[in-house]
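J.: So I've got this file, input09.pdb, and it contains PDB, C-alpha atoms:
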```pdb
ATOM      1  CA  MET A  37       0.000   0.000   0.000
ATOM      2  CA  GLU A  38       2.819   2.399   0.917
ATOM      3  CA  SER A  39       4.719   1.691  -2.303
ATOM      4  CA  THR A  40       1.525   2.255  -4.307
ATOM      5  CA  GLY A  41       1.143   5.652  -2.643
ATOM      6  CA  TRP A  42       4.690   6.615  -3.591
ATOM      7  CA  MET A  43       4.138   5.400  -7.139
ATOM      8  CA  ASP A  44       1.016   7.556  -7.413
ATOM      9  CA  LYS A  45       2.944  10.596  -6.193
ATOM     10  CA  ILE A  46       5.796   9.964  -8.648
ATOM     11  CA  TYR A  47       3.306   9.481 -11.476
ATOM     12  CA  SER A  48       1.496  12.691 -10.542
ATOM     13  CA  LEU A  49       4.810  14.590 -10.419
ATOM     14  CA  CYS A  50       5.880  13.248 -13.817
ATOM     15  CA  GLN A  51       2.490  14.179 -15.220
ATOM     16  CA  TRP A  52       2.819  17.764 -14.000
ATOM     17  CA  ILE A  53       6.354  18.022 -15.356
ATOM     18  CA  SER A  54       5.239  16.803 -18.769
ATOM     19  CA  ARG A  55       2.301  19.214 -18.741
ATOM     20  CA  LEU A  56       4.545  22.168 -17.936
ATOM     21  CA  ALA A  57       6.973  21.167 -20.696
ATOM     22  CA  TYR A  58       4.084  20.805 -23.163
ATOM     23  CA  VAL A  59       2.653  24.238 -22.339
ATOM     24  CA  ASN A  60       6.127  25.767 -22.583
ATOM     25  CA  LEU A  61       6.474  24.203 -26.052
ATOM     26  CA  LEU A  62       3.110  25.647 -27.103
ATOM     27  CA  TRP A  63       4.152  29.041 -25.738
ATOM     28  CA  LEU A  64       7.311  29.034 -27.859
ATOM     29  CA  LEU A  65       5.498  27.628 -30.901
ATOM     30  CA  PHE A  66       2.750  30.224 -30.908
ATOM     31  CA  MET A  67       5.202  33.043 -30.274
ATOM     32  CA  GLY A  68       6.958  31.842 -33.413
ATOM     33  CA  ILE A  69       3.675  31.723 -35.335
ATOM     34  CA  GLY A  70       3.228  35.403 -34.496
ATOM     35  CA  LEU A  71       6.855  36.060 -35.518
ATOM     36  CA  PHE A  72       7.608  36.734 -31.833
ATOM     37  CA  VAL A  73       6.788  40.447 -32.133
ATOM     38  CA  LEU A  74       3.062  39.790 -32.541
ATOM     39  CA  GLY A  75       3.053  36.369 -30.911
ATOM     40  CA  ALA A  76       4.622  37.032 -27.510
ATOM     41  CA  ALA A  77       1.717  38.780 -25.768
ATOM     42  CA  PRO A  78      -1.195  36.557 -26.945
ATOM     43  CA  SER A  79       0.868  33.402 -26.433
ATOM     44  CA  THR A  80       1.740  34.455 -22.888
ATOM     45  CA  ALA A  81      -1.882  35.370 -22.179
ATOM     46  CA  ALA A  82      -3.016  31.943 -23.419
ATOM     47  CA  MET A  83      -0.441  30.222 -21.201
ATOM     48  CA  PHE A  84      -1.564  32.139 -18.110
ATOM     49  CA  SER A  85      -5.198  31.304 -18.945
ATOM     50  CA  ILE A  86      -4.378  27.593 -18.890
ATOM     51  CA  PHE A  87      -2.587  27.852 -15.561
ATOM     52  CA  ARG A  88      -5.471  29.813 -14.081
ATOM     53  CA  LYS A  89      -7.781  26.947 -15.041
ATOM     54  CA  TRP A  90      -5.427  24.341 -13.576
ATOM     55  CA  ILE A  91      -4.996  26.239 -10.311
ATOM     56  CA  LYS A  92      -8.772  26.421  -9.977
ATOM     57  CA  GLY A  93      -8.933  22.633 -10.345
ATOM     58  CA  GLU A  94      -9.960  22.419 -14.009
ATOM     59  CA  THR A  95      -7.098  20.148 -15.061
ATOM     60  CA  GLY A  96      -9.132  18.216 -17.627
ATOM     61  CA  ILE A  97      -9.300  20.961 -20.238
ATOM     62  CA  PRO A  98      -7.980  20.108 -23.736
ATOM     63  CA  VAL A  99      -4.705  22.018 -23.592
ATOM     64  CA  PHE A 100      -3.975  22.562 -27.280
ATOM     65  CA  SER A 101      -7.459  23.628 -28.325
ATOM     66  CA  PHE A 102      -7.867  25.842 -25.229
ATOM     67  CA  PHE A 103      -4.492  27.466 -25.920
ATOM     68  CA  TRP A 104      -5.340  28.016 -29.578
ATOM     69  CA  GLU A 105      -8.782  29.485 -28.852
ATOM     70  CA  ASN A 106      -7.379  31.904 -26.281
ATOM     71  CA  TYR A 107      -4.520  32.836 -28.588
ATOM     72  CA  LYS A 108      -6.968  33.796 -31.340
ATOM     73  CA  LYS A 109      -9.413  35.455 -28.969
ATOM     74  CA  GLU A 110      -6.824  37.618 -27.222
ATOM     75  CA  PHE A 111      -4.547  38.268 -30.194
ATOM     76  CA  TRP A 112      -5.324  41.944 -30.821
ATOM     77  CA  LYS A 113      -6.217  42.879 -27.261
ATOM     78  CA  ALA A 114      -3.065  41.288 -25.839
ATOM     79  CA  ASN A 115      -0.938  42.884 -28.562
ATOM     80  CA  CYS A 116      -2.409  46.276 -27.721
ATOM     81  CA  LEU A 117      -1.331  45.780 -24.108
ATOM     82  CA  GLY A 118       2.053  44.474 -25.241
ATOM     83  CA  THR A 119       2.565  47.536 -27.441
ATOM     84  CA  VAL A 120       1.935  49.879 -24.503
ATOM     85  CA  LEU A 121       4.334  47.919 -22.263
ATOM     86  CA  THR A 122       6.975  47.868 -24.999
ATOM     87  CA  GLY A 123       6.571  51.602 -25.468
ATOM     88  CA  ILE A 124       7.109  52.213 -21.749
ATOM     89  CA  SER A 125      10.193  49.975 -21.826
ATOM     90  CA  ILE A 126      11.651  51.936 -24.741
ATOM     91  CA  VAL A 127      11.022  55.256 -22.983
ATOM     92  CA  LEU A 128      12.762  53.984 -19.839
ATOM     93  CA  TYR A 129      15.721  52.777 -21.899
ATOM     94  CA  LEU A 130      16.039  56.093 -23.723
ATOM     95  CA  ASP A 131      15.816  57.932 -20.403
ATOM     96  CA  TRP A 132      18.632  55.748 -19.093
ATOM     97  CA  ARG A 133      20.806  56.545 -22.111
ATOM     98  CA  LEU A 134      20.070  60.254 -21.746
ATOM     99  CA  ILE A 135      20.772  60.366 -18.015
ATOM    100  CA  SER A 136      23.990  58.360 -18.482
ATOM    101  CA  SER A 137      25.309  61.109 -20.743
ATOM    102  CA  ILE A 138      24.610  63.852 -18.193
ATOM    103  CA  GLN A 139      27.412  65.158 -16.010
ATOM    104  CA  GLY A 140      27.143  66.891 -12.648
ATOM    105  CA  PHE A 141      25.444  66.527  -9.288
ATOM    106  CA  LEU A 142      22.016  65.884 -10.843
ATOM    107  CA  LYS A 143      23.115  62.603 -12.426
ATOM    108  CA  PRO A 144      22.906  60.347  -9.314
ATOM    109  CA  ILE A 145      19.578  61.929  -8.360
ATOM    110  CA  LEU A 146      18.109  61.306 -11.800
ATOM    111  CA  ILE A 147      19.490  57.761 -11.879
ATOM    112  CA  GLY A 148      17.924  57.073  -8.479
ATOM    113  CA  CYS A 149      14.563  58.366  -9.690
ATOM    114  CA  LEU A 150      14.782  56.301 -12.870
ATOM    115  CA  LEU A 151      15.672  53.146 -10.927
ATOM    116  CA  GLY A 152      12.646  53.741  -8.717
ATOM    117  CA  VAL A 153      10.379  54.106 -11.739
ATOM    118  CA  GLY A 154      12.010  51.035 -13.291
ATOM    119  CA  PHE A 155      11.300  48.988 -10.169
ATOM    120  CA  LEU A 156       7.640  50.029 -10.209
ATOM    121  CA  PHE A 157       7.455  49.048 -13.865
ATOM    122  CA  LEU A 158       8.952  45.667 -12.958
ATOM    123  CA  VAL A 159       6.160  45.232 -10.400
ATOM    124  CA  VAL A 160       3.605  45.975 -13.107
ATOM    125  CA  MET A 161       5.237  43.449 -15.448
ATOM    126  CA  ILE A 162       5.119  40.731 -12.799
ATOM    127  CA  TYR A 163       1.396  41.167 -12.191
ATOM    128  CA  ILE A 164       0.194  42.228 -15.625
ATOM    129  CA  PHE A 165      -0.661  38.830 -17.143
ATOM    130  CA  PRO A 166      -2.220  37.320 -14.000
ATOM    131  CA  VAL A 167      -4.380  40.463 -13.850
ATOM    132  CA  TYR A 168      -5.068  40.232 -17.586
ATOM    133  CA  VAL A 169      -6.477  36.699 -17.459
ATOM    134  CA  HIS A 170      -8.346  37.223 -14.163
ATOM    135  CA  TYR A 171     -10.140  40.502 -14.876
ATOM    136  CA  ASP A 172     -11.894  41.964 -17.911
ATOM    137  CA  TYR A 173     -10.657  45.547 -18.292
ATOM    138  CA  LYS A 174      -9.467  47.990 -20.906
ATOM    139  CA  THR A 175      -5.752  48.196 -21.669
ATOM    140  CA  LEU A 176      -4.727  50.995 -19.325
ATOM    141  CA  GLN A 177      -6.891  49.595 -16.516
ATOM    142  CA  TYR A 178      -4.804  46.413 -16.525
ATOM    143  CA  ILE A 179      -1.646  48.454 -15.971
ATOM    144  CA  LYS A 180      -3.273  50.539 -13.247
ATOM    145  CA  THR A 181      -4.650  47.460 -11.465
ATOM    146  CA  ALA A 182      -1.344  45.592 -11.659
ATOM    147  CA  PHE A 183       0.434  48.628 -10.216
ATOM    148  CA  LEU A 184      -2.040  49.143  -7.358
ATOM    149  CA  ILE A 185      -2.087  45.458  -6.389
ATOM    150  CA  GLY A 186       1.700  45.261  -6.532
ATOM    151  CA  ILE A 187       2.305  48.184  -4.185
ATOM    152  CA  SER A 188      -0.642  47.341  -1.903
ATOM    153  CA  TYR A 189       0.531  43.802  -1.098
ATOM    154  CA  PRO A 190       4.335  44.042  -0.736
ATOM    155  CA  LEU A 191       4.812  40.568   0.783
ATOM    156  CA  HIS A 192       3.211  38.874  -2.211
ATOM    157  CA  THR A 193       5.192  41.131  -4.529
ATOM    158  CA  ILE A 194       8.473  40.267  -2.805
ATOM    159  CA  ALA A 195       7.614  36.559  -3.049
ATOM    160  CA  MET A 196       6.959  36.937  -6.776
ATOM    161  CA  ILE A 197      10.178  38.880  -7.389
ATOM    162  CA  PHE A 198      12.116  36.251  -5.446
ATOM    163  CA  SER A 199      10.470  33.527  -7.558
ATOM    164  CA  VAL A 200      11.441  35.323 -10.761
ATOM    165  CA  ILE A 201      15.054  35.592  -9.623
ATOM    166  CA  CYS A 202      15.166  31.898  -8.636
ATOM    167  CA  VAL A 203      13.707  30.713 -11.947
ATOM    168  CA  ILE A 204      16.145  32.896 -13.905
ATOM    169  CA  LEU A 205      19.134  31.608 -11.912
ATOM    170  CA  ILE A 206      18.044  27.977 -12.327
ATOM    171  CA  SER A 207      17.571  28.527 -16.062
ATOM    172  CA  ILE A 208      21.046  30.038 -16.359
ATOM    173  CA  VAL A 209      22.739  27.252 -14.399
ATOM    174  CA  PHE A 210      20.742  24.426 -16.003
ATOM    175  CA  ASN A 211      20.210  25.454 -19.619
ATOM    176  CA  GLY A 212      18.174  22.383 -20.519
ATOM    177  CA  VAL A 213      15.741  22.999 -17.689
ATOM    178  CA  GLY A 214      15.448  26.623 -18.749
ATOM    179  CA  LEU A 215      14.649  25.672 -22.328
ATOM    180  CA  LEU A 216      11.900  23.254 -21.286
ATOM    181  CA  PHE A 217      10.373  25.058 -18.338
ATOM    182  CA  PHE A 218      11.415  28.719 -18.140
ATOM    183  CA  GLY A 219       8.218  30.267 -19.500
ATOM    184  CA  SER A 220       5.739  27.766 -18.111
ATOM    185  CA  GLY A 221       7.468  27.337 -14.746
ATOM    186  CA  LEU A 222       7.726  31.069 -14.145
ATOM    187  CA  SER A 223       4.176  31.717 -15.327
ATOM    188  CA  TYR A 224       2.707  28.967 -13.163
ATOM    189  CA  ILE A 225       4.418  30.306 -10.031
ATOM    190  CA  LEU A 226       3.308  33.883 -10.733
ATOM    191  CA  MET A 227      -0.248  32.771 -11.481
ATOM    192  CA  TYR A 228      -0.375  30.623  -8.341
ATOM    193  CA  ILE A 229       0.746  33.441  -6.024
ATOM    194  CA  SER A 230      -1.482  35.940  -7.824
ATOM    195  CA  ASN A 231      -4.498  33.667  -7.523
ATOM    196  CA  LEU A 232      -3.986  33.463  -3.759
ATOM    197  CA  LEU A 233      -3.876  37.240  -3.687
ATOM    198  CA  PHE A 234      -6.949  37.636  -5.910
ATOM    199  CA  ASN A 235      -8.893  35.323  -3.600
ATOM    200  CA  LYS A 236      -7.765  37.387  -0.619
ATOM    201  CA  ILE A 237      -8.848  40.610  -2.314
ATOM    202  CA  SER A 238     -12.192  39.079  -3.255
ATOM    203  CA  LYS A 239     -12.844  38.051   0.346
ATOM    204  CA  GLN A 240     -11.845  41.479   1.644
ATOM    205  CA  TYR A 241     -14.244  43.354  -0.622
ATOM    206  CA  ASN A 242     -16.932  40.668  -0.816
ATOM    207  CA  PRO A 243     -17.021  38.408   2.282
ATOM    208  CA  LEU A 244     -19.608  36.153   0.625
ATOM    209  CA  ALA A 245     -17.341  35.439  -2.361
ATOM    210  CA  LEU A 246     -15.450  32.166  -2.714
TER
END
```
I'd like the structure from this file rewritten - as structure tokens, please.
T.:
Amino acid sequence: MESTGWMDKIYSLCQWISRLAYVNLLWLLFMGIGLFVLGAAPSTAAMFSIFRKWIKGETGIPVFSFFWENYKKEFWKANCLGTVLTGISIVLYLDWRLISSIQGFLKPILIGCLLGVGFLFLVVMIYIFPVYVHYDYKTLQYIKTAFLIGISYPLHTIAMIFSVICVILISIVFNGVGLLFFGSGLSYILMYISNLLFNKISKQYNPLAL
């Protein structure tokens, strides 16, 4: 009986590993279909949608067809959000180049301000896709909501930043693991922590929910 229990756990673990690898493959494939520039945002949104379903206990969904339907459904909306985020990233980069060329006592002050803004943008980036697949908003509302949630719940935010750092380090040290699981592993962790936070928020503002 004990050995059967261990076998079930090993089988379940192997099943989850294969699922994560499969979703990561779909993520890369559909990014490629969109030539990466147009495929990154909808592919990432589709991946987070799958993980949201799994975390809520709906593990029996047909992965490929669900991914494909969400990819098509969110293609333009997700790309609109991705364009805004890319634009902000470019502005921050150009600001960095401009400030780096400045001389004088203002330079460290401006760099400090830019680093602060960059950190807040990082917080938005961490939450943006969990917020995107959980709520139904307009483009700028997603950014606003991700920002407000990120700064309102610092412990969850720190946990997510720590998770991002760990996944990146593991992917750098073990290249094969990174290739198979970087996108899906990171997304699952972020979606899992975010879902806990969304449930907490829902209970705070609606005690009868969940």
J.: Give me the residues near Ala82 (chain A) as a ChimeraX atom specification, where near means some atom within 10 Å (using all atoms listed in the file) and where sequence neighbours in that chain fewer than 2 positions away do not count.
T.: /A:59,62-63,66,77-80,84-88,102-111,114,165,169
J.: Since I can't run it myself right now, could you work out what the PyMOL selection byres ((chain A and resi 181) around 12) selects here and report it as a list in words?
T.: Val159, Val160, Met161, Ile162, Tyr163, Ile164, Phe165, Pro166, Val167, Tyr168, His170, Tyr171, Asp172, Tyr173, Lys174, Thr175, Leu176, Gln177, Tyr178, Ile179, Lys180, Ala182, Phe183, Leu184, Ile185, Gly186, Ile187, Ser188 and Phe234 of chain A
J.: Could you state the separation of CA of Leu226 (chain A) and CA of Ile204 (chain A) in Å, given to one decimal place?
T.: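 Taking CA of Leu226 (chain A) as the start and CA of Ile204 (chain A) as the end point, the length is 13.3 Å.
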J.: Set the distance at 10 Å and use only C-alpha atoms: which residues neighbour Ile225 (chain A) once local chain neighbours fewer than 4 positions away are removed? I'd like the list as an mmCIF file with C-alpha atoms, in the coordinates of the input.
T.:
```cif
data_model
loop_
_atom_site.group_PDB
_atom_site.id
_atom_site.type_symbol
_atom_site.label_atom_id
_atom_site.label_comp_id
_atom_site.auth_asym_id
_atom_site.auth_seq_id
_atom_site.Cartn_x
_atom_site.Cartn_y
_atom_site.Cartn_z
ATOM 1 C CA PHE A 87 -2.587 27.852 -15.561
ATOM 2 C CA ALA A 195 7.614 36.559 -3.049
ATOM 3 C CA MET A 196 6.959 36.937 -6.776
ATOM 4 C CA SER A 199 10.470 33.527 -7.558
ATOM 5 C CA VAL A 200 11.441 35.323 -10.761
ATOM 6 C CA VAL A 203 13.707 30.713 -11.947
ATOM 7 C CA SER A 220 5.739 27.766 -18.111
ATOM 8 C CA GLY A 221 7.468 27.337 -14.746
ATOM 9 C CA ILE A 229 0.746 33.441 -6.024
ATOM 10 C CA SER A 230 -1.482 35.940 -7.824
ATOM 11 C CA ASN A 231 -4.498 33.667 -7.523
#
```
J.: Tell me which of A:Leu56, A:Gly123, A:Lys89, A:Cys149 sits closest to Ile135 (chain A), counting only C-alpha atoms.
T.: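 When distances to Ile135 (chain A) are compared using only C-alpha atoms, the smallest one comes from A:Cys149.
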J.: Write out as a ChimeraX atom specification each polymer residue whose atoms come within 12 Å of Ile53 (chain A), counting only C-alpha atoms; drop sequence neighbours fewer than 2 positions from it.
T.: /A:46-51,55-60,213,216-217,220-221,224
